[in-house]
Amino acid sequence: MQSKNISDVIEEYLKKILSDNPQIEIRRSEIATLFNCVPSQINYVINTRFTTQQGYLVESKRGGGGYIRIMKVKFVDQQELIDSIIAGIDTHISERNALAIIHQLYDEGIISPKIGNMMWSVLSHSTLNCREKATENKLRATLLVAMLNSLRYKRQ
């Protein structure tokens, strides 16, 4: 059995709260204390696991009365979601972030489980298997953008 790292636990905790509420406001220091970690760990989780591409909007206010607000967002239509995801993909994308995008496409009803599994099999490390991580992440980004572009149009 694989143990979860602290980032996974924090992500799970925040998503559990978000499952019952459309948005949450947290204080970085309070969450860090709760999980006995440094506040920068909370930043890492929010910056990597609560992105627009994953269906979240994050606002923050710094200072003594500061907060971080996380909201689960729904896109108006599929085109807007796909455009947003493509805009957020840089020249490289990690395996984890690619999987998160595939999950979001499935959750939004844009792809079926069969298409999601096919996308994942193409984008996974075991398929790409490049010697250099940067090369693999670049290839993954190129392939994912091509797949997303193909989802923009209905075939007749």
# chains A, B, ... in the order shown; residues from 1 in each chain; ligands from 1

call {"tool": "residues_around", "arguments": {"residues": "range 88-93 of chain A", "least_positions_apart": "2", "cutoff": "9 Å", "atoms": "only C-alpha atoms", "output": "ChimeraX atom specification"}}
result
/A:51-53,83-86,95-98,134-142,144-145

call {"tool": "write_last_selection", "arguments": {"atoms": "N, CA, C and O atoms", "output": "tab-separated table (two decimals), in the first residue's frame"}}
result
chain	number	residue	atom	x	y	z
A	51	THR	N	-5.79	24.70	-9.71
A	51	THR	CA	-5.57	25.61	-10.82
A	51	THR	C	-6.86	25.79	-11.62
A	51	THR	O	-7.81	25.00	-11.48
A	52	THR	N	-6.87	26.78	-12.47
A	52	THR	CA	-8.03	27.00	-13.35
A	52	THR	C	-8.25	25.79	-14.23
A	52	THR	O	-9.39	25.39	-14.46
A	53	GLN	N	-7.17	25.20	-14.71
A	53	GLN	CA	-7.29	24.03	-15.57
A	53	GLN	C	-7.95	22.86	-14.85
A	53	GLN	O	-8.53	21.99	-15.47
A	83	ASP	N	-10.52	26.05	-24.09
A	83	ASP	CA	-9.65	27.21	-24.32
A	83	ASP	C	-8.84	27.55	-23.07
A	83	ASP	O	-7.65	27.85	-23.14
A	84	SER	N	-9.50	27.50	-21.91
A	84	SER	CA	-8.84	27.81	-20.65
A	84	SER	C	-7.74	26.80	-20.34
A	84	SER	O	-6.65	27.16	-19.90
A	85	ILE	N	-8.03	25.54	-20.58
A	85	ILE	CA	-7.03	24.50	-20.32
A	85	ILE	C	-5.82	24.68	-21.24
A	85	ILE	O	-4.67	24.65	-20.78
A	86	ILE	N	-6.09	24.90	-22.51
A	86	ILE	CA	-4.98	25.08	-23.47
A	86	ILE	C	-4.15	26.30	-23.09
A	86	ILE	O	-2.92	26.25	-23.12
A	95	GLU	N	3.14	14.72	-15.67
A	95	GLU	CA	2.20	13.60	-15.77
A	95	GLU	C	1.01	13.82	-14.83
A	95	GLU	O	-0.14	13.60	-15.21
A	96	ARG	N	1.28	14.30	-13.63
A	96	ARG	CA	0.22	14.55	-12.65
A	96	ARG	C	-0.77	15.59	-13.15
A	96	ARG	O	-1.98	15.42	-13.04
A	97	ASN	N	-0.27	16.69	-13.71
A	97	ASN	CA	-1.17	17.75	-14.20
A	97	ASN	C	-1.95	17.31	-15.43
A	97	ASN	O	-3.11	17.69	-15.60
A	98	ALA	N	-1.34	16.50	-16.27
A	98	ALA	CA	-2.06	15.97	-17.44
A	98	ALA	C	-3.21	15.07	-16.98
A	98	ALA	O	-4.33	15.16	-17.50
A	134	ALA	N	12.39	16.69	-18.92
A	134	ALA	CA	11.98	17.90	-19.63
A	134	ALA	C	11.48	17.56	-21.03
A	134	ALA	O	10.48	18.13	-21.49
A	135	THR	N	12.16	16.66	-21.70
A	135	THR	CA	11.74	16.24	-23.04
A	135	THR	C	10.39	15.55	-22.99
A	135	THR	O	9.50	15.80	-23.81
A	136	GLU	N	10.22	14.68	-22.00
A	136	GLU	CA	8.95	13.97	-21.83
A	136	GLU	C	7.81	14.94	-21.55
A	136	GLU	O	6.74	14.84	-22.14
A	137	ASN	N	8.03	15.91	-20.66
A	137	ASN	CA	6.99	16.88	-20.32
A	137	ASN	C	6.64	17.77	-21.51
A	137	ASN	O	5.50	18.18	-21.67
A	138	LYS	N	7.63	18.07	-22.34
A	138	LYS	CA	7.38	18.88	-23.54
A	138	LYS	C	6.55	18.08	-24.55
A	138	LYS	O	5.58	18.60	-25.10
A	139	LEU	N	6.92	16.84	-24.76
A	139	LEU	CA	6.17	15.98	-25.67
A	139	LEU	C	4.74	15.78	-25.18
A	139	LEU	O	3.78	15.85	-25.95
A	140	ARG	N	4.58	15.58	-23.86
A	140	ARG	CA	3.26	15.41	-23.26
A	140	ARG	C	2.39	16.65	-23.50
A	140	ARG	O	1.22	16.54	-23.85
A	141	ALA	N	2.97	17.83	-23.34
A	141	ALA	CA	2.22	19.08	-23.56
A	141	ALA	C	1.78	19.20	-25.00
A	141	ALA	O	0.63	19.56	-25.29
A	142	THR	N	2.67	18.89	-25.93
A	142	THR	CA	2.35	18.97	-27.37
A	142	THR	C	1.21	18.02	-27.72
A	142	THR	O	0.25	18.39	-28.41
A	144	LEU	N	-1.04	16.67	-25.63
A	144	LEU	CA	-2.26	17.04	-24.94
A	144	LEU	C	-2.95	18.21	-25.63
A	144	LEU	O	-4.18	18.19	-25.82
A	145	VAL	N	-2.20	19.21	-26.04
A	145	VAL	CA	-2.81	20.34	-26.76
A	145	VAL	C	-3.44	19.86	-28.06
A	145	VAL	O	-4.54	20.28	-28.42

call {"tool": "select_by_dssp", "arguments": {"residues": "range 9-152 of chain A", "states": "alpha helix (DSSP H)", "output": "JSON, numbers by chain"}}
result
{"A": [9, 10, 11, 12, 13, 14, 15, 16, 17, 18, 19, 20, 28, 29, 30, 31, 32, 33, 34, 39, 40, 41, 42, 43, 44, 45, 46, 47, 48, 49, 78, 79, 80, 81, 82, 83, 84, 85, 86, 87, 88, 95, 96, 97, 98, 99, 100, 101, 102, 103, 104, 105, 106, 107, 113, 114, 115, 116, 117, 118, 119, 120, 121, 122, 123, 125, 126, 127, 128, 133, 134, 135, 136, 137, 138, 139, 140, 141, 142, 143, 144, 145, 146, 147, 148, 149, 150, 151]}

call {"tool": "residues_around", "arguments": {"residues": "Asp8 in chain A", "least_positions_apart": "6", "cutoff": "12 Å", "atoms": "only C-alpha atoms", "output": "PDB file with N, CA, C and O atoms, in the first residue's frame"}}
result
ATOM      1  N   GLN A   2       0.558   2.177  -0.859  1.00  0.00           N
ATOM      2  CA  GLN A   2       1.370   3.384  -0.995  1.00  0.00           C
ATOM      3  C   GLN A   2       0.886   4.434   0.010  1.00  0.00           C
ATOM      4  O   GLN A   2      -0.292   4.716   0.116  1.00  0.00           O
ATOM      5  N   LEU A  14      -8.782  19.756   1.674  1.00  0.00           N
ATOM      6  CA  LEU A  14      -9.415  20.945   1.088  1.00  0.00           C
ATOM      7  C   LEU A  14     -10.524  20.552   0.110  1.00  0.00           C
ATOM      8  O   LEU A  14     -11.587  21.186   0.088  1.00  0.00           O
ATOM      9  N   LYS A  15     -10.310  19.518  -0.667  1.00  0.00           N
ATOM     10  CA  LYS A  15     -11.344  19.079  -1.616  1.00  0.00           C
ATOM     11  C   LYS A  15     -12.557  18.506  -0.897  1.00  0.00           C
ATOM     12  O   LYS A  15     -13.687  18.641  -1.376  1.00  0.00           O
ATOM     13  N   PHE A  35      -1.724  20.718   9.866  1.00  0.00           N
ATOM     14  CA  PHE A  35      -0.991  19.598   9.273  1.00  0.00           C
ATOM     15  C   PHE A  35       0.476  19.543   9.686  1.00  0.00           C
ATOM     16  O   PHE A  35       1.240  18.749   9.151  1.00  0.00           O
ATOM     17  N   GLN A  41       4.242  25.022   2.180  1.00  0.00           N
ATOM     18  CA  GLN A  41       3.671  23.753   1.711  1.00  0.00           C
ATOM     19  C   GLN A  41       2.225  23.958   1.275  1.00  0.00           C
ATOM     20  O   GLN A  41       1.771  23.375   0.291  1.00  0.00           O
ATOM     21  N   ILE A  42       1.505  24.805   1.995  1.00  0.00           N
ATOM     22  CA  ILE A  42       0.115  25.118   1.646  1.00  0.00           C
ATOM     23  C   ILE A  42       0.102  25.846   0.299  1.00  0.00           C
ATOM     24  O   ILE A  42      -0.725  25.553  -0.572  1.00  0.00           O
ATOM     25  N   TYR A  44       2.271  25.579  -2.087  1.00  0.00           N
ATOM     26  CA  TYR A  44       2.584  24.588  -3.112  1.00  0.00           C
ATOM     27  C   TYR A  44       1.332  23.801  -3.509  1.00  0.00           C
ATOM     28  O   TYR A  44       1.038  23.636  -4.694  1.00  0.00           O
ATOM     29  N   VAL A  45       0.593  23.333  -2.527  1.00  0.00           N
ATOM     30  CA  VAL A  45      -0.617  22.547  -2.802  1.00  0.00           C
ATOM     31  C   VAL A  45      -1.617  23.386  -3.592  1.00  0.00           C
ATOM     32  O   VAL A  45      -2.169  22.929  -4.601  1.00  0.00           O
ATOM     33  N   ILE A  46      -1.835  24.605  -3.163  1.00  0.00           N
ATOM     34  CA  ILE A  46      -2.819  25.456  -3.839  1.00  0.00           C
ATOM     35  C   ILE A  46      -2.360  25.797  -5.254  1.00  0.00           C
ATOM     36  O   ILE A  46      -3.153  25.743  -6.198  1.00  0.00           O
ATOM     37  N   THR A  48      -0.415  24.129  -7.257  1.00  0.00           N
ATOM     38  CA  THR A  48      -0.288  22.999  -8.173  1.00  0.00           C
ATOM     39  C   THR A  48      -1.538  22.139  -8.293  1.00  0.00           C
ATOM     40  O   THR A  48      -1.709  21.438  -9.284  1.00  0.00           O
ATOM     41  N   ARG A  49      -2.441  22.226  -7.318  1.00  0.00           N
ATOM     42  CA  ARG A  49      -3.576  21.302  -7.318  1.00  0.00           C
ATOM     43  C   ARG A  49      -4.931  21.990  -7.359  1.00  0.00           C
ATOM     44  O   ARG A  49      -5.961  21.315  -7.409  1.00  0.00           O
ATOM     45  N   ARG A  96       1.278  14.296 -13.628  1.00  0.00           N
ATOM     46  CA  ARG A  96       0.220  14.549 -12.645  1.00  0.00           C
ATOM     47  C   ARG A  96      -0.775  15.593 -13.151  1.00  0.00           C
ATOM     48  O   ARG A  96      -1.983  15.419 -13.044  1.00  0.00           O
TER      49      ARG A  96
END
